Amino acid sequence: MSIITLQELQHDSLGLVRRVEAGESILVTRNNLPMAELRPVPPVRSGGRPFGLAAGAFTVPVDFDASLPDDILQGFEGR
């Protein structure tokens with residue numbers, strides 16, 4: 001990881017963006033204190049999520065769509 005000052009970022013921002021685009025990470029400092037990190041964005045995965053990705057990871061309770069108990073329902077209604 002390269003370390004640059006805020007002034008260097010202001011002076012050559014396009015050159016620094018090109019370095020990040022090439023895969024380099026850059027730490028920006030002000031008064032020798034880190035203030036920002038420039039790093040490449042990971043590539044976007046193409047295609048959708050695979051069907052059944054979480055199969056078997058959880059089960060929906062039988063009473064999933066049952067009415068709420070009166071005390072909880074009254075709390076939502078502000079009573």
# chains A, B, ... in the order shown; residues from 1 in each chain; ligands from 1

call {"tool": "residues_around", "arguments": {"residues": "range 19-26 of chain A", "least_positions_apart": "5", "cutoff": "7 Å", "atoms": "only C-alpha atoms", "output": "PyMOL selection string"}}
result
chain A and resi 1-3+37-40

call {"tool": "select_by_dssp", "arguments": {"residues": "chain A", "states": "strand (DSSP E or B)", "output": "MDAnalysis selection string"}}
result
chainID A and resid 2:5 26:30 33:38

call {"tool": "residues_around", "arguments": {"residues": "range 5-18 of chain A", "least_positions_apart": "4", "cutoff": "6 Å", "atoms": "only C-alpha atoms", "output": "ChimeraX atom specification"}}
result
/A:28-30

call {"tool": "select_by_dssp", "arguments": {"residues": "chain A", "states": "helix (DSSP H, G or I)", "output": "ChimeraX atom specification"}}
result
/A:6-11,13-21,70-77

call {"tool": "write_last_selection", "arguments": {"atoms": "C-alpha atoms", "output": "PDB file, in the first residue's frame"}}
result
ATOM      1  CA  LEU A   6      -3.666  15.120   0.655  1.00  0.00           C
ATOM      2  CA  GLN A   7      -1.684  17.636  -1.405  1.00  0.00           C
ATOM      3  CA  GLU A   8      -0.402  14.837  -3.678  1.00  0.00           C
ATOM      4  CA  LEU A   9      -3.983  13.662  -4.165  1.00  0.00           C
ATOM      5  CA  GLN A  10      -5.072  17.159  -5.147  1.00  0.00           C
ATOM      6  CA  HIS A  11      -2.113  17.583  -7.497  1.00  0.00           C
ATOM      7  CA  SER A  13      -5.831  12.821  -8.762  1.00  0.00           C
ATOM      8  CA  LEU A  14      -6.217  11.322 -12.245  1.00  0.00           C
ATOM      9  CA  GLY A  15      -2.845   9.568 -12.038  1.00  0.00           C
ATOM     10  CA  LEU A  16      -3.730   8.162  -8.611  1.00  0.00           C
ATOM     11  CA  VAL A  17      -7.110   6.920  -9.825  1.00  0.00           C
ATOM     12  CA  ARG A  18      -5.341   5.138 -12.671  1.00  0.00           C
ATOM     13  CA  ARG A  19      -2.980   3.460 -10.178  1.00  0.00           C
ATOM     14  CA  VAL A  20      -5.963   2.310  -8.103  1.00  0.00           C
ATOM     15  CA  GLU A  21      -7.685   1.088 -11.252  1.00  0.00           C
ATOM     16  CA  ASP A  70     -52.998  -8.833  21.578  1.00  0.00           C
ATOM     17  CA  ASP A  71     -50.342  -7.193  23.791  1.00  0.00           C
ATOM     18  CA  ILE A  72     -47.853  -6.901  20.896  1.00  0.00           C
ATOM     19  CA  LEU A  73     -50.545  -5.751  18.471  1.00  0.00           C
ATOM     20  CA  GLN A  74     -51.643  -3.037  20.906  1.00  0.00           C
ATOM     21  CA  GLY A  75     -48.027  -1.836  21.144  1.00  0.00           C
ATOM     22  CA  PHE A  76     -47.889  -1.385  17.373  1.00  0.00           C
ATOM     23  CA  GLU A  77     -51.197   0.486  17.442  1.00  0.00           C
TER      24      GLU A  77
END

call {"tool": "atom_distance", "arguments": {"atom1": "CA of Pro43 in chain A", "atom2": "CA of Leu27 in chain A"}}
result
20.8 Å

call {"tool": "closest_residue", "arguments": {"among": "A:Leu53, A:Val44, A:Val62, A:Ile4", "to": "Asn32 in chain A", "atoms": "only C-alpha atoms"}}
result
A:Ile4

call {"tool": "decode", "arguments": {"residues": "range 7-77 of chain A", "atoms": "C-alpha atoms", "output": "compact mmCIF listing (two decimals), in the first residue's frame"}}
result
# COMPACT_ATOMS: atom_id res chain seq x y z
CA GLN A 7 -1.68 17.64 -1.41
CA GLU A 8 -0.40 14.84 -3.68
CA LEU A 9 -3.98 13.66 -4.16
CA GLN A 10 -5.07 17.16 -5.15
CA HIS A 11 -2.11 17.58 -7.50
CA ASP A 12 -2.40 14.31 -9.45
CA SER A 13 -5.83 12.82 -8.76
CA LEU A 14 -6.22 11.32 -12.24
CA GLY A 15 -2.85 9.57 -12.04
CA LEU A 16 -3.73 8.16 -8.61
CA VAL A 17 -7.11 6.92 -9.83
CA ARG A 18 -5.34 5.14 -12.67
CA ARG A 19 -2.98 3.46 -10.18
CA VAL A 20 -5.96 2.31 -8.10
CA GLU A 21 -7.69 1.09 -11.25
CA ALA A 22 -4.58 -1.02 -11.93
CA GLY A 23 -5.00 -2.69 -8.52
CA GLU A 24 -2.95 -0.56 -6.13
CA SER A 25 -4.27 0.57 -2.73
CA ILE A 26 -3.35 4.07 -1.59
CA LEU A 27 -3.56 5.59 1.91
CA VAL A 28 -4.16 9.36 1.99
CA THR A 29 -2.77 11.25 4.99
CA ARG A 30 -3.12 14.76 6.37
CA ASN A 31 -0.61 15.94 8.99
CA ASN A 32 0.81 12.38 9.02
CA LEU A 33 -2.57 10.96 10.11
CA PRO A 34 -4.53 8.57 7.88
CA MET A 35 -7.73 10.11 6.57
CA ALA A 36 -8.81 8.01 3.57
CA GLU A 37 -8.00 4.86 1.67
CA LEU A 38 -8.31 4.50 -2.07
CA ARG A 39 -8.64 0.91 -3.22
CA PRO A 40 -10.02 -0.93 -6.21
CA VAL A 41 -13.66 -1.94 -6.19
CA PRO A 42 -14.05 -5.73 -6.42
CA PRO A 43 -15.46 -6.92 -9.72
CA VAL A 44 -19.22 -7.33 -9.91
CA ARG A 45 -20.32 -10.95 -10.02
CA SER A 46 -22.14 -11.69 -13.20
CA GLY A 47 -25.36 -13.65 -13.17
CA GLY A 48 -27.83 -14.14 -10.39
CA ARG A 49 -27.51 -16.04 -7.17
CA PRO A 50 -27.77 -19.78 -7.54
CA PHE A 51 -31.18 -21.26 -6.80
CA GLY A 52 -31.33 -23.07 -3.46
CA LEU A 53 -28.27 -21.31 -2.02
CA ALA A 54 -29.60 -21.49 1.56
CA ALA A 55 -31.57 -24.74 1.21
CA GLY A 56 -31.89 -26.42 4.59
CA ALA A 57 -30.31 -23.51 6.47
CA PHE A 58 -33.60 -22.55 8.17
CA THR A 59 -37.22 -23.59 8.40
CA VAL A 60 -40.30 -21.39 8.34
CA PRO A 61 -42.43 -21.91 11.48
CA VAL A 62 -45.94 -23.29 10.96
CA ASP A 63 -47.48 -20.21 12.63
CA PHE A 64 -45.45 -17.75 10.49
CA ASP A 65 -48.53 -15.89 9.26
CA ALA A 66 -50.60 -16.19 12.45
CA SER A 67 -52.03 -13.07 14.07
CA LEU A 68 -49.88 -11.27 16.62
CA PRO A 69 -50.74 -11.64 20.31
CA ASP A 70 -53.00 -8.83 21.58
CA ASP A 71 -50.34 -7.19 23.79
CA ILE A 72 -47.85 -6.90 20.90
CA LEU A 73 -50.54 -5.75 18.47
CA GLN A 74 -51.64 -3.04 20.91
CA GLY A 75 -48.03 -1.84 21.14
CA PHE A 76 -47.89 -1.39 17.37
CA GLU A 77 -51.20 0.49 17.44
